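Peer 1: Could you have a look at this structure, given as structure tokens, before my questions?
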Protein chains: 2
Amino acid sequence: MKIVFLGSGNVATHLAIALKAKGEDVVQVYSPNLNHALALANVVGAAAINRLNEVDQDADLYLISVKDDAIATVAAALTNVTGLVAHTSGTTDIGILSSQVKKAGVFYPLQTFSKAKAVSFDHIPLCIEAVDEVQLDILNHLATTISNQVYHLDGEKRKVLHLAAVFACNFPNHLYALANKILDQNGLNFEIIRPLIAETADKVMSNLPENVQTGPAVRADETTIHKHLSMLNNMPELQDIYQTLSNSIKLMPK
Amino acid sequence: MKIVFLGSGNVATHLAIALKAKGEDVVQVYSPNLNHALALANVVGAAAINRLNEVDQDADLYLISVKDDAIATVAAALTNVTGLVAHTSGTTDIGILSSQVKKAGVFYPLQTFSKAKAVSFDHIPLCIEAVDEVQLDILNHLATTISNQVYHLDGEKRKVLHLAAVFACNFPNHLYALANKILDQNGLNFEIIRPLIAETADKVMSNLPENVQTGPAVRADETTIHKHLSMLNNMPELQDIYQTLSNSIKLMPK
């Protein structure tokens with residue numbers, strides 16, 4: 001397939017590289033910043049462009065992977081293409097595209113991407129949606145070439161998933177950062193806690209998290225909770241988080 | 001070494017099995033509940049006891065792995081032993097032992113243990129402390145037979161580590177559980193989000209978490225944050241957690 005990428009951020013980068021590796025033809029990469037477009041275009045053998053009126057009108061697929069509030073603007077430049085136009089956003093309705101282009105879809109990879117770290121797409125859930133069965137088949141075919149986990153989800157379910165991902169990914173990572181802050185202030189290295197983080201995630205690969213909760217809050221160990229809160233006296237923000245999450249753990253049905 | 005385990009919970013179980021596998025001689029397992037003592041004793045070829053006056057007085061090492069508030073009581077039964085007495089608690093001072101027994105130490109494994117899941121001790125940080133160098137050497141020798149990561153930490157640093165572990169393990173696991181609650185209420189399976197959890201933890205194995213934060217809060221994407229908060233209107237507790245953690249992410253230095 002001839003594919004144009006609109007956007008050159010983390011999602012576009014990882015997706016373009018994965019699709020290129022499976023033999024797809026990435027023909028153009030658009031970014032308003034030409035250097036950003038070039039950085040990705042060079043990796044996947046595509047042309048870099050920084051103006052929307054330069055977009056190739058004959059591609060099979062246009063993947064819009066820009067900030068949510070820029071999707072509509074980019075789509076407005078694709079009203080005359082005959083190919084399928086899909087965005088990669090977890091939170092944006094398909095309607096933002098289908099109101100402007102003939103063939104609209106969504107191609108949302110549920111993963112956290114950093115430019116610095118390569119990821120294998122094999123086990124990345126790809127959530128797809130399209131305006132009709134023909135377009136859905138196209139996206140499904142493409143998705144299954146790079147991933148073993150393809151889900152057909154409507155926009156409402158996709159938004160739920162995106163929200164759940166904030167709880168399962170963004171918030172835990174921030175808690176790792178707060179743990180590091182505590183360690184660092186006391187001359188301890190983050191290295192010491194890495195095995196615990198790895199095991200905590202590994203445990204829920206084969207269990208449900210509510211069945212493997214550990215720690216003072218689930219034991220209602222008030223002595224330890226009070227000790228911890230007093231250790232955080234000089235960090236009121238962390239104290240607040242500790243209290244809020246401990247209370248929430250206590251409220252979980254056993 | 002002849003070792004007596006006082007306690008038969010998750011920590012005692014995993015530790016006893018690991019030490020037994022390295023050729024140590026686990027001679028007794030004590031629990032006030034004889035069936036609990038038997039369950040572990042049978043696995044490691046030890047005798048099960050449920051009365052403290054039955055404790056073998058000639059062991060080399062007594063590992064107290066009971067609830068924090070029960071340590072003092074158990075130690076009181078060991079005042080006449082000549083062997084080393086160590087507890088496995090992250091939050092309890094060595095003083096609770098050294099005030100009662102001749103040779104005191106701490107042997108704290110920084111890990112989350114579930115009975116259902118086997119763990120390899122190789123990469124579990126073991127934090128040790130002792131009243132003198134001779135006892136420290138004994139604990140160090142034992143620790144290095146089962147783990148590559150042995151740390152000599154005093155009580156203050158150990159308590160800091162235990163607090164950091166709540167942020168790095170107990171709280172993230174609870175957030176996984178809340179993610180599952182959101183998914184479940186919308187007919188989605190936890191399975192879909194497991195790869196994201198695995199990758200989130202894997203990322204910080206080679207990066208510091210503050211350098212790989214993703215999501216709406218770190219982007220200051222208020223549109224998405226507002227959408228998410230309104231999706232949580234019927235779950236005020238999760239709304240509160242979402243707001244608290246998002247605010248905290250925004251406060252992190254970039």
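Every chain in the structure tokens has a letter given in the order shown (A, B, ...), and although residue numbers restart at 1 in each chain, ligands are simply numbered from 1 in the order shown.
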Give me the residues within 7 Å of Ala46 of chain B as a list in words, counting only C-alpha atoms and dropping any in the same chain fewer than 3 places off.
Peer 2: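 Surrounding residues, per the criterion: Val26, Val27, Gln28, Val29, Ala41 and Asn42 of chain B.
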Peer 1: What parts of segment 56-245 of chain A does DSSP call helix (DSSP H, G or I)? I'd like the answer as JSON, numbers by chain.
Peer 2: {"A": [68, 69, 70, 71, 72, 73, 74, 75, 76, 95, 96, 97, 98, 121, 122, 123, 133, 134, 135, 136, 137, 138, 139, 140, 141, 142, 143, 144, 145, 146, 155, 156, 157, 158, 159, 160, 161, 162, 163, 164, 165, 166, 167, 168, 169, 170, 171, 172, 173, 174, 175, 176, 177, 178, 179, 180, 181, 182, 183, 184, 185, 190, 191, 192, 193, 194, 195, 196, 197, 198, 199, 200, 201, 202, 203, 209, 210, 211, 222, 223, 224, 225, 226, 227, 228, 229, 230, 231, 236, 237, 238, 239, 240, 241, 242, 243, 244, 245]}
Peer 1: For the atom pair atom CA of Ala165 of chain A and atom CA of Ile192 of chain B, what is the interatomic distance in Å to one decimal place?
Peer 2: 10.0 Å
Peer 1: Give me, as a ChimeraX atom specification, all polymer residues having an atom no more than 9 Å from segment 72-89 of chain A, counting only C-alpha atoms and skipping those fewer than 2 positions away in the same chain.
Peer 2: /A:6,11-12,52-53,55-70,91-94,96-98,100-109,129-130,135,138-139
Peer 1: Taking only C-alpha atoms into account, which residues of chain A are within 6 Å of chain B, as a list in words?
Peer 2: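 Using only C-alpha atoms, chain A residues at most 6 Å from chain B: Gln111, Ala164, Phe167, Ala168, Cys169, Asn170, Pro172, Asn173, Leu175, Tyr176, Ala177, Ala179, Leu196, Ile197, Ala198, Thr200, Ala201, Pro209, Glu210, Thr214 and Gly215 of chain A.
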Peer 1: Save the residues we just selected, N, CA and C atoms, as a short mmCIF file (atom, residue, chain, number, x, y, z; two decimals), in the first residue's frame?
Peer 2:
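Okay, again.cif is ready:
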```
data_model
loop_
_atom_site.label_atom_id
_atom_site.label_comp_id
_atom_site.auth_asym_id
_atom_site.auth_seq_id
_atom_site.Cartn_x
_atom_site.Cartn_y
_atom_site.Cartn_z
N GLN A 111 -0.50 1.92 23.10
CA GLN A 111 0.84 1.73 23.64
C GLN A 111 1.44 3.07 24.00
N ALA A 164 -8.74 4.35 30.46
CA ALA A 164 -8.15 3.28 31.28
C ALA A 164 -6.62 3.27 31.14
N PHE A 167 -4.86 5.47 33.55
CA PHE A 167 -4.72 4.83 34.87
C PHE A 167 -3.68 3.71 34.85
N ALA A 168 -3.56 3.01 33.74
CA ALA A 168 -2.68 1.83 33.70
C ALA A 168 -1.26 2.16 33.29
N CYS A 169 -1.06 3.33 32.71
CA CYS A 169 0.27 3.67 32.18
C CYS A 169 0.77 5.01 32.68
N ASN A 170 0.06 6.09 32.35
CA ASN A 170 0.58 7.43 32.68
C ASN A 170 0.70 7.63 34.18
N PRO A 172 0.80 5.21 36.74
CA PRO A 172 1.88 4.41 37.32
C PRO A 172 3.27 4.96 37.03
N ASN A 173 3.49 5.43 35.79
CA ASN A 173 4.82 5.98 35.50
C ASN A 173 5.13 7.19 36.39
N LEU A 175 3.96 7.65 39.37
CA LEU A 175 4.25 7.13 40.71
C LEU A 175 5.67 6.57 40.79
N TYR A 176 6.15 5.97 39.70
CA TYR A 176 7.57 5.57 39.67
C TYR A 176 8.45 6.82 39.86
N ALA A 177 8.06 7.91 39.20
CA ALA A 177 8.85 9.15 39.29
C ALA A 177 8.84 9.70 40.72
N ALA A 179 8.42 7.86 43.42
CA ALA A 179 9.28 6.93 44.18
C ALA A 179 10.74 7.34 44.02
N LEU A 196 11.40 -4.46 41.63
CA LEU A 196 10.06 -4.43 42.22
C LEU A 196 9.03 -3.94 41.20
N ILE A 197 9.39 -2.92 40.43
CA ILE A 197 8.50 -2.40 39.39
C ILE A 197 8.25 -3.48 38.33
N ALA A 198 9.30 -4.16 37.94
CA ALA A 198 9.17 -5.21 36.92
C ALA A 198 8.24 -6.32 37.40
N THR A 200 5.95 -6.17 39.78
CA THR A 200 4.58 -5.67 39.98
C THR A 200 3.79 -5.73 38.68
N ALA A 201 4.43 -5.33 37.58
CA ALA A 201 3.76 -5.41 36.28
C ALA A 201 3.63 -6.86 35.83
N PRO A 209 -5.29 -7.47 38.87
CA PRO A 209 -4.59 -6.68 39.89
C PRO A 209 -5.31 -6.67 41.24
N GLU A 210 -6.65 -6.66 41.22
CA GLU A 210 -7.36 -6.62 42.50
C GLU A 210 -7.13 -7.88 43.31
N THR A 214 -0.88 -5.80 47.33
CA THR A 214 -0.11 -5.93 48.57
C THR A 214 0.11 -4.53 49.16
N GLY A 215 0.72 -4.48 50.34
CA GLY A 215 1.06 -3.19 50.94
C GLY A 215 0.23 -2.87 52.16
#
```
Peer 1: Have a look at atom CA of Ala143 of chain B and atom CA of Leu34 of chain B and let me know their distance in Å, one decimal.
Peer 2: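 Separating atom CA of Ala143 of chain B from atom CA of Leu34 of chain B is a distance of 28.1 Å.
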Peer 1: Report the distance between atom CA of Gly7 of chain B and atom CA of Ser31 of chain B in Å, rounded to one decimal place.
Peer 2: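 Going from atom CA of Gly7 of chain B over to atom CA of Ser31 of chain B, I get 5.3 Å.
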Peer 1: From the options A:Leu142, A:Val131, A:Leu38, A:Ala16, which residue's atoms come nearest to Met1 of chain A, counting only C-alpha atoms?
Peer 2: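 That would be A:Leu142, the residue with the smallest distance to Met1 of chain A.
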Peer 1: Give me, as a list in words, the residues of segment 51-109 of chain B that a backbone DSSP run labels strand (DSSP E or B).
Peer 2: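 Reading the DSSP output for segment 51-109 of chain B, strand (DSSP E or B) covers Leu61, Tyr62, Leu63, Ile64, Leu84, Val85, Ala86, His87, Ala104, Gly105, Val106, Phe107, Tyr108 and Pro109 of chain B.
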Peer 1: Write out as a PyMOL selection string which residues come within 10 Å of Ala21 of chain B when counting only C-alpha atoms, dropping same-chain ones fewer than 5 positions away.
Peer 2: chain B and resi 15-16+44+146
